[in-house]
Amino acid sequence: MKVTLIQTLEDRDNPDIIESNGPFECRHHGAWLGPGYYFWDTHLELGHWWGEFGYKNNYVICSAIADLNEENCFDLHGNGDHRKELTEISELIKQKGLKKDPLVSEVIEYLKKLRIWSYSAIRALGTLSIVHNMETRGEYWDLLYFTTGGKQFLDLYPPVQVCIIKKNPVGFKNYKIIFPEHYLE
């Protein structure tokens, strides 16, 4: 499936460098899916949310296109078999006494060490990865409730992230700045 990827960066007043050298790898120690290039899946609204929340309104948003499929993407959002595999490896790590409560990134790294890893991207929905307080989520969220007066809802902008590990196998292309407007002129 072709996916629009959204990457939010700190605005350092360097649009030419961004477009000629992007995307940029996440170097944060808490990169929750492991090393790679982090993007929001599809929704520009998520890029704006991260720019406001993570970069205090000093941000640039870039977009790109990737072709994610069962062969190149370990899809923890849309593929139940991949979630099952992650669960099984997590249990194996616990049984071997390697870690009592392994993190997602640790389980993925273990999969890579077992040499059963052939993926170039990871796609995941991180529950509570975005603050669920509606005031801090801003104007970008739209919810559709399932029942009148009910609490259950469909989040129309789910915070799905894509971590690209290898750009070429996912057909990564068209990386360009799409916000702020003064960089588009």
# chains A, B, ... in the order shown; residues from 1 in each chain; ligands from 1

$ residues_around --residues "segment 67-72 of chain A" --least-positions-apart "2" --cutoff "8 Å" --atoms "only C-alpha atoms" --output "JSON, numbers by chain"
{"A": [1, 2, 3, 65, 74, 75, 118, 119, 120, 121, 169, 170, 171, 172]}

$ closest_atom_pairs --of "segment 30-51 of chain A" --to "segment 103-115 of chain A" --cutoff "12 Å" --atoms "only C-alpha atoms" --output "tab-separated table"
residue	atom	partner	partner_atom	distance
A:Gly30	CA	A:Ser105	CA	9.2
A:Ala31	CA	A:Ser105	CA	7.8
A:Trp32	CA	A:Ser105	CA	5.6
A:Leu33	CA	A:Ser105	CA	4.7
A:Gly34	CA	A:Ser105	CA	4.9
A:Pro35	CA	A:Ser105	CA	8.6
A:Gly36	CA	A:Ser105	CA	11.2

$ write_last_selection --atoms "N, CA and C atoms" --output "compact mmCIF listing (two decimals), in the first residue's frame"
# COMPACT_ATOMS: atom_id res chain seq x y z
N GLY A 30 15.23 7.32 23.27
CA GLY A 30 13.94 6.67 23.51
C GLY A 30 13.19 6.32 22.23
N ALA A 31 13.91 6.16 21.13
CA ALA A 31 13.25 5.81 19.86
C ALA A 31 12.57 4.45 20.05
N TRP A 32 11.29 4.48 20.23
CA TRP A 32 10.55 3.33 20.74
C TRP A 32 10.43 2.15 19.80
N LEU A 33 10.74 2.32 18.53
CA LEU A 33 10.76 1.19 17.60
C LEU A 33 12.18 0.84 17.18
N GLY A 34 13.15 1.47 17.80
CA GLY A 34 14.55 1.24 17.47
C GLY A 34 15.07 2.31 16.53
N PRO A 35 16.31 2.14 16.05
CA PRO A 35 16.90 3.15 15.17
C PRO A 35 16.19 3.21 13.82
N GLY A 36 16.09 4.43 13.28
CA GLY A 36 15.49 4.59 11.97
C GLY A 36 14.98 6.00 11.75

$ select_by_dssp --residues "segment 65-158 of chain A" --states "helix (DSSP H, G or I)" --output "count of residues only"
33

$ select_by_dssp --residues "segment 96-173 of chain A" --states "strand (DSSP E or B)" --output "compact mmCIF listing (two decimals) with C-alpha atoms, in the first residue's frame"
# COMPACT_ATOMS: atom_id res chain seq x y z
CA ALA A 121 10.11 -0.63 8.01
CA ILE A 122 8.00 -0.94 11.14
CA ARG A 123 4.48 0.44 11.49
CA ALA A 124 2.81 0.75 14.88
CA LEU A 125 0.02 2.48 16.75
CA LEU A 143 -13.61 11.59 16.98
CA LEU A 144 -16.72 9.74 15.91
CA TYR A 145 -18.60 8.12 18.76
CA PHE A 153 -15.03 6.27 19.71
CA LEU A 154 -13.26 5.95 16.40
CA ASP A 155 -10.14 8.14 16.34
CA VAL A 160 0.34 5.54 13.75
CA GLN A 161 4.08 5.85 13.30
CA VAL A 162 6.29 4.36 10.63
CA CYS A 163 9.97 3.76 11.31
CA ILE A 164 11.91 3.32 8.06
CA LYS A 173 10.51 8.98 -2.67

$ residues_around --residues "Tyr175 of chain A" --least-positions-apart "3" --cutoff "10 Å" --atoms "only C-alpha atoms" --output "list of chain:residue names"
A:Leu5, A:Ile6, A:Gln7, A:Ile18, A:Glu19, A:Ser20, A:Asn21, A:Gly22, A:Pro23, A:Cys62, A:Ser63, A:Ala64, A:Ile65, A:Phe172, A:Ile178

$ closest_residue --among "A:Leu9, A:Leu156, A:Leu184, A:Ile116" --to "Glu52 of chain A" --atoms "only C-alpha atoms"
A:Leu9

$ atom_distance --atom1 "atom CA of Leu44 of chain A" --atom2 "atom CA of Phe179 of chain A"
9.7 Å

$ residues_around --residues "His182 of chain A" --least-positions-apart "6" --cutoff "12 Å" --atoms "only C-alpha atoms" --output "list of chain:residue names"
A:Asp13, A:Pro15, A:Val60
